[in-house]
Amino acid sequence: MKYIFFLATLFVTTISVAQVSFTGVIKDSIGQPLELANIVAINKATNKMDAYAITNDKGKFKLSLEANSTYNVQVSYIGMKTKTEEISTQENSLVKDFSLFEDSALNEVELTYEMPVTISGDTLIYNADSFKSGTERKLEDVLKKLPGVEVNDDGEIEVEGKKVGKVMVEGKDFFDGDSKLATKNIPADAVDKVQVLKNYSEVGQLGGVTNNQDNIAINIKLKEGKKNFWFGTVTAGAGVATNQDLYLAQPKLFYYSPTYSINFIGDLNNIGETAFSRRDFFNFSGGFQQPSTKSGTNINLGGNDLGFLQLQNNRAKDINNKFGALNFSYAPKKTLDLGGFVIFSSSRIDLQENSSKIYTDDNLGIPNEQTQSLTEQKSDLGMVKLSAKYKPNASNQLDYDIIGKLSNETQNQNFASSVIGDLDQIESNNPYSIKQSLNYYYTLNEKNIFAFEGQHLLSKEDPFYNAFIEQNATYANTGTALGFDPNQNGYDIAQEKEVKSNQLDVKVDYWNILNKKSDINFTLGTIQSVQDFNSNLFQNLDSGETNNSTPSINDGLDFNDVNYLFSDVYLGFHYRLKTGKFTFTPGFSAHAYAATNTQFNEEYKQTFTRVLPDFNMRLQLKNSEQLIFNYRTQTNFTDVSQLARGLVLNNYNSLNAGNPELENSLSHNLNLTYFSFNMFNYTNVTANINYNKSIDNIRNQSLFEPGSVVSIGAPFNSNFADETVTAFGRFERAFGKLRASANGTFNYSKFNQFINTRRTVNENYTQNYRVGLRSNFREAPNFNVSYNYTINDNDQGSTRSKFYTHAPSVEFDALILKSFTFKTDYTYNDFRNSETSINTFDFWNASLAYRKDQDSKWEYEVKATNLLNTKSQNNTSNNALFVSSTEYFIQPRFVTFRVIYSL
């Protein structure tokens, strides 16, 4: 690996040695510096733009030019006459200032070259072609080359350190703004401009009265040839792997006109390319946001889906995917917009894991456990949404949305435990949810604005669990305690559960604009929730009969029939004041809470009132530099499953008996964020520190039988506070065609765990550091070299474990002879503890594509995945009970041949 870094460094040095610096100041006619003025240098020999810059607040610019060359330098600024001068470079740096004069005939101004980056108010506009080298195929390939823009490992877009909340194409939502679907599927050759919209507001009427500084959207402008015509790609391919034939088909078709748009994305493959994962499906909000998000109340409706094993880096031993998505928008008239989408995803996944669990306290008699598992997952997921926006004039806007989700999932596991023995687990779930939203915004006049936001959720989950555990002395005590018949071939235990949720969340807001620098906001809202929870634990006998036994523990309760009612009525007040560079927004919300759960003919009720303060301060140091402080208190309520008294079987080694008298917890959260983006030298700095303290938090007391890994959890309100601290920092700087970056994340958590009535204080430290260097040459090959270092330090009081991961990586792409595109990436991983290396593994992928020229509609590609035939990878994780080290098996080496047709 060190030779790769050496060659990359040598390559950088060779490319950079012929560059000279050209600096200066751009002023107006009276000598005042012009901030955000544009300057471009066009090489006279090649007639191509070699460099560009935007001036800082002092009017300064800096360009890197080729030595011994002649340039036409173009200087422009809105409202000023464009100036063009010829300059010649030699071996030394060059300094020259420019003065611009007002232009009274703006219509006659002609720009001889389009700026790669322009700024208009809160909008940054990138000219995509200025950053392309010809190897880009998807939107994410373009975005990664834009200064100040990042695409993280999950496919999410980040601008100036903040996640982009919405992606649009030609002003129309792309699958409700989902950034991953956009980055992975929109073809690069269709992109003309990338507009970054800062301070973005979904509702224009609220743009001046709400804090939108953290809201960023991206709008993709298409090339002229892509409008009013179908465009996209259709990919078909086949390949070979060990004992398996491979296939893929990926149609991606798009149509945009001023009146309507249609997007279709399809994906059928068995090579592990995941277009839309389970996590993507369940995290997909469809553009919904709870009206009460900032009210100070958090009610957890639970997630009673399966305990599905998650894919690591979208890899597994075997993956088969089917995916189809259709998105449309239609504007029958200027005042009405209709839209929606349909998404279907089906996957069949095989996983294999070997895991070692080290429990937190050696003195409790809990044996450490080694497990081996083979898992088969089947998942069919469907989602549909319809939306309407009616805006008859600037003072009125009415929005309605409805989204439905439906899934059918099963997980079968063949499990071998060093403590329990062999067992099989089967889980299934067929949940659905329907969510509706109705919002109305009304501007009475320039001083008074009203808003109504309402949302209703109806959902049902029915997870089923079945485990067959071989006759084993270690499990005998557990089986007896649960009342199971031991005179069987094994313990065949099962549980049915059903959770129904019905929640209404509405609020009304009123803003009064006092003057240009201050306004007040009143909020009246309510959350009304009903949950029903049923469960039944039983044993299947060898005879085929069912044993509904009575446990000798938990008062003999092994079933549940719970009704849970929750009510929150709140009134909020906020005052916003702008003074100089500061914006202060203090406020509070006053709540009247009522929570009642009824079970086993008993009613448990709590009512109380609480005032929750919050505070926001923003210091705008410059146009693109600010410091933000947030303080917030929040009341947290648990879901119905934690309140249920009857035993609930989570998996073979974990049961839970709820507590109907659980109370709410209170959390204090403080956050300080700084970011700065300097267009002068493209320096991007982001820093964030977050502190959270939770009081009366709900913790679990885990009871273990001596010599057993089976625990029974009992939730209760802890008298000990839990704390977390997270710090993040990122620095990025451009040096001509090179961009260097460094970032680090530190997370500390302290929480109290109770095992067999014994309290232990758990402290976890996680650190991650990453440095990188990437290039953005128009003609030469490009590379991205990075080094990732992770430390996982877990202190459970009596035991402590520490793991390290070293992961250098390199990416390389080149356009060869204007027809061949070569791409390759390599990552090396060294997973170790304090003393020795536990496992090393590396991944190497490469592809070679041929397209006759940039206008050709056909492309042919050979792609090799996992060239080194790595069989498995390792990682570590921890929870309140144990630290786990896992070996995770993945797909072997395979090669595919693909044909891509571009419309």
# chains A, B, ... in the order shown; residues from 1 in each chain; ligands from 1
call {"tool": "closest_atom_pairs", "arguments": {"of": "range 180-298 of chain A", "to": "range 162-174 of chain A", "cutoff": "8 Å", "atoms": "only C-alpha atoms", "output": "CSV"}}
result
residue,atom,partner,partner_atom,distance
A:Ala182,CA,A:Phe174,CA,7.0
A:Asp214,CA,A:Lys162,CA,7.1
A:Asn215,CA,A:Gly165,CA,6.6
A:Ile216,CA,A:Val164,CA,5.1
A:Ala217,CA,A:Lys166,CA,4.8
A:Ile218,CA,A:Val167,CA,4.9
A:Asn219,CA,A:Met168,CA,4.5
A:Ile220,CA,A:Val169,CA,4.6
A:Lys221,CA,A:Glu170,CA,5.3
A:Leu222,CA,A:Glu170,CA,6.9
A:Tyr256,CA,A:Glu170,CA,7.8
call {"tool": "residues_around", "arguments": {"residues": "Asn439 in chain A", "least_positions_apart": "4", "cutoff": "9 Å", "atoms": "only C-alpha atoms", "output": "number ranges by chain"}}
result
A: 397-400, 451-455
call {"tool": "closest_atom_pairs", "arguments": {"of": "range 38-151 of chain A", "to": "range 184-197 of chain A", "cutoff": "7 Å", "atoms": "only C-alpha atoms", "output": "Markdown table"}}
result
| residue | atom | partner | partner_atom | distance |
| --- | --- | --- | --- | --- |
| A:Asp122 | CA | A:Leu197 | CA | 6.3 |
| A:Thr123 | CA | A:Leu197 | CA | 4.8 |
| A:Leu124 | CA | A:Val196 | CA | 5.0 |
| A:Ile125 | CA | A:Gln195 | CA | 4.5 |
| A:Tyr126 | CA | A:Val194 | CA | 5.1 |
| A:Asn127 | CA | A:Lys193 | CA | 4.8 |
| A:Ala128 | CA | A:Lys193 | CA | 5.4 |
| A:Asp129 | CA | A:Asp192 | CA | 6.9 |
| A:Glu136 | CA | A:Ala188 | CA | 6.0 |
| A:Arg137 | CA | A:Ala188 | CA | 5.1 |
| A:Lys138 | CA | A:Ala188 | CA | 4.6 |
| A:Leu139 | CA | A:Ala188 | CA | 4.9 |
| A:Glu140 | CA | A:Lys184 | CA | 6.4 |
| A:Val142 | CA | A:Ala188 | CA | 6.6 |
call {"tool": "write_last_selection", "arguments": {"atoms": "C-alpha atoms", "output": "PDB file, in the first residue's frame"}}
result
ATOM      1  CA  ASP A 122     -28.241  32.559  -1.156  1.00  0.00           C
ATOM      2  CA  THR A 123     -27.779  30.455  -4.300  1.00  0.00           C
ATOM      3  CA  LEU A 124     -24.519  28.906  -5.516  1.00  0.00           C
ATOM      4  CA  ILE A 125     -24.619  27.850  -9.159  1.00  0.00           C
ATOM      5  CA  TYR A 126     -22.072  25.335 -10.447  1.00  0.00           C
ATOM      6  CA  ASN A 127     -21.574  24.882 -14.182  1.00  0.00           C
ATOM      7  CA  ALA A 128     -21.221  21.094 -14.290  1.00  0.00           C
ATOM      8  CA  ASP A 129     -19.212  20.930 -17.535  1.00  0.00           C
ATOM      9  CA  GLU A 136     -18.415  10.740 -14.881  1.00  0.00           C
ATOM     10  CA  ARG A 137     -21.449   8.510 -15.257  1.00  0.00           C
ATOM     11  CA  LYS A 138     -23.783   9.439 -12.354  1.00  0.00           C
ATOM     12  CA  LEU A 139     -24.743  12.636 -10.576  1.00  0.00           C
ATOM     13  CA  GLU A 140     -22.584  11.705  -7.579  1.00  0.00           C
ATOM     14  CA  VAL A 142     -20.153  15.265 -10.685  1.00  0.00           C
TER      15      VAL A 142
END
call {"tool": "residues_around", "arguments": {"residues": "Glu150 in chain A", "least_positions_apart": "6", "cutoff": "9 Å", "atoms": "only C-alpha atoms", "output": "ChimeraX atom specification"}}
result
/A:140,143-144,156-161
call {"tool": "closest_residue", "arguments": {"among": "A:Asn393, A:Thr235, A:Asn211, A:Asn472", "to": "Arg898 in chain A", "atoms": "only C-alpha atoms"}}
result
A:Thr235
call {"tool": "residues_around", "arguments": {"residues": "range 318-329 of chain A", "least_positions_apart": "6", "cutoff": "6 Å", "atoms": "only C-alpha atoms", "output": "ChimeraX atom specification"}}
result
/A:175,260-270,272,338-350,891
call {"tool": "write_last_selection", "arguments": {"atoms": "C-alpha atoms", "output": "PDB file, in the first residue's frame"}}
result
ATOM      1  CA  PHE A 175     -38.736  11.160  -5.280  1.00  0.00           C
ATOM      2  CA  TYR A 260     -45.101  17.258 -16.231  1.00  0.00           C
ATOM      3  CA  SER A 261     -42.216  14.917 -15.456  1.00  0.00           C
ATOM      4  CA  ILE A 262     -41.791  11.142 -15.261  1.00  0.00           C
ATOM      5  CA  ASN A 263     -38.889   9.251 -13.705  1.00  0.00           C
ATOM      6  CA  PHE A 264     -38.495   5.469 -13.775  1.00  0.00           C
ATOM      7  CA  ILE A 265     -35.703   3.534 -12.089  1.00  0.00           C
ATOM      8  CA  GLY A 266     -35.448  -0.239 -12.385  1.00  0.00           C
ATOM      9  CA  ASP A 267     -32.845  -2.661 -11.090  1.00  0.00           C
ATOM     10  CA  LEU A 268     -32.717  -6.429 -11.350  1.00  0.00           C
ATOM     11  CA  ASN A 269     -29.460  -8.127 -10.341  1.00  0.00           C
ATOM     12  CA  ASN A 270     -27.813 -10.846  -8.270  1.00  0.00           C
ATOM     13  CA  GLY A 272     -25.078  -7.280  -4.724  1.00  0.00           C
ATOM     14  CA  LEU A 338     -49.801  17.161  -8.420  1.00  0.00           C
ATOM     15  CA  GLY A 339     -47.212  14.475  -7.829  1.00  0.00           C
ATOM     16  CA  GLY A 340     -46.368  11.153  -6.330  1.00  0.00           C
ATOM     17  CA  PHE A 341     -44.362   7.991  -6.596  1.00  0.00           C
ATOM     18  CA  VAL A 342     -44.536   4.205  -6.373  1.00  0.00           C
ATOM     19  CA  ILE A 343     -41.597   2.183  -5.031  1.00  0.00           C
ATOM     20  CA  PHE A 344     -41.216  -1.601  -4.893  1.00  0.00           C
ATOM     21  CA  SER A 345     -38.172  -3.418  -3.580  1.00  0.00           C
ATOM     22  CA  SER A 346     -37.604  -7.157  -3.214  1.00  0.00           C
ATOM     23  CA  SER A 347     -34.457  -8.823  -1.915  1.00  0.00           C
ATOM     24  CA  ARG A 348     -33.190 -12.311  -1.098  1.00  0.00           C
ATOM     25  CA  ILE A 349     -30.055 -12.191   1.021  1.00  0.00           C
ATOM     26  CA  ASP A 350     -27.822 -14.861   2.561  1.00  0.00           C
ATOM     27  CA  GLN A 891     -19.469 -12.376  -2.007  1.00  0.00           C
TER      28      GLN A 891
END
call {"tool": "closest_residue", "arguments": {"among": "A:Asn228, A:Ser387, A:Asn534, A:Ser130", "to": "Leu438 in chain A", "atoms": "only C-alpha atoms"}}
result
A:Ser387
call {"tool": "select_by_dssp", "arguments": {"residues": "range 192-370 of chain A", "states": "strand (DSSP E)", "output": "VMD selection string"}}
result
chain A and resid 192 to 198 216 to 222 230 to 241 244 to 256 260 to 269 297 to 299 318 to 333 336 to 359 369 to 370
call {"tool": "closest_residue", "arguments": {"among": "A:Asn560, A:Asn597, A:Thr70, A:Ser718", "to": "Lys48 in chain A", "atoms": "only C-alpha atoms"}}
result
A:Thr70
call {"tool": "closest_residue", "arguments": {"among": "A:Ser437, A:Asn466, A:Ser395, A:Asn833", "to": "Leu649 in chain A", "atoms": "only C-alpha atoms"}}
result
A:Asn466
call {"tool": "closest_residue", "arguments": {"among": "A:Thr598, A:Val20, A:Asp561, A:Ile520", "to": "Phe573 in chain A", "atoms": "only C-alpha atoms"}}
result
A:Ile520
call {"tool": "closest_residue", "arguments": {"among": "A:Asp422, A:Gly31, A:Tyr765, A:Thr135", "to": "Arg851 in chain A", "atoms": "only C-alpha atoms"}}
result
A:Thr135
call {"tool": "atom_distance", "arguments": {"atom1": "CA of Thr480 in chain A", "atom2": "CA of Glu705 in chain A"}}
result
11.9 Å
call {"tool": "closest_atom_pairs", "arguments": {"of": "range 505-569 of chain A", "to": "range 483-490 of chain A", "cutoff": "7 Å", "atoms": "only C-alpha atoms", "output": "Markdown table"}}
result
| residue | atom | partner | partner_atom | distance |
| --- | --- | --- | --- | --- |
| A:Gln539 | CA | A:Phe484 | CA | 6.6 |
| A:Leu541 | CA | A:Gln488 | CA | 6.9 |
| A:Asp542 | CA | A:Gln488 | CA | 6.3 |
| A:Ser549 | CA | A:Gly483 | CA | 5.3 |
| A:Thr550 | CA | A:Gly483 | CA | 5.4 |
| A:Pro551 | CA | A:Gly483 | CA | 4.5 |
| A:Ser552 | CA | A:Gly483 | CA | 6.5 |
call {"tool": "residues_around", "arguments": {"residues": "range 401-413 of chain A", "least_positions_apart": "3", "cutoff": "8 Å", "atoms": "only C-alpha atoms", "output": "ChimeraX atom specification"}}
result
/A:286,306,308,373-388,424-438
call {"tool": "residues_around", "arguments": {"residues": "Asn717 in chain A", "least_positions_apart": "2", "cutoff": "9 Å", "atoms": "only C-alpha atoms", "output": "list in words"}}
result
Leu662, Glu663, Asn664, Ser665, Ile695, Asp696, Asn697, Ile698, Arg699, Asn700, Pro715, Asn719 and Phe720 of chain A
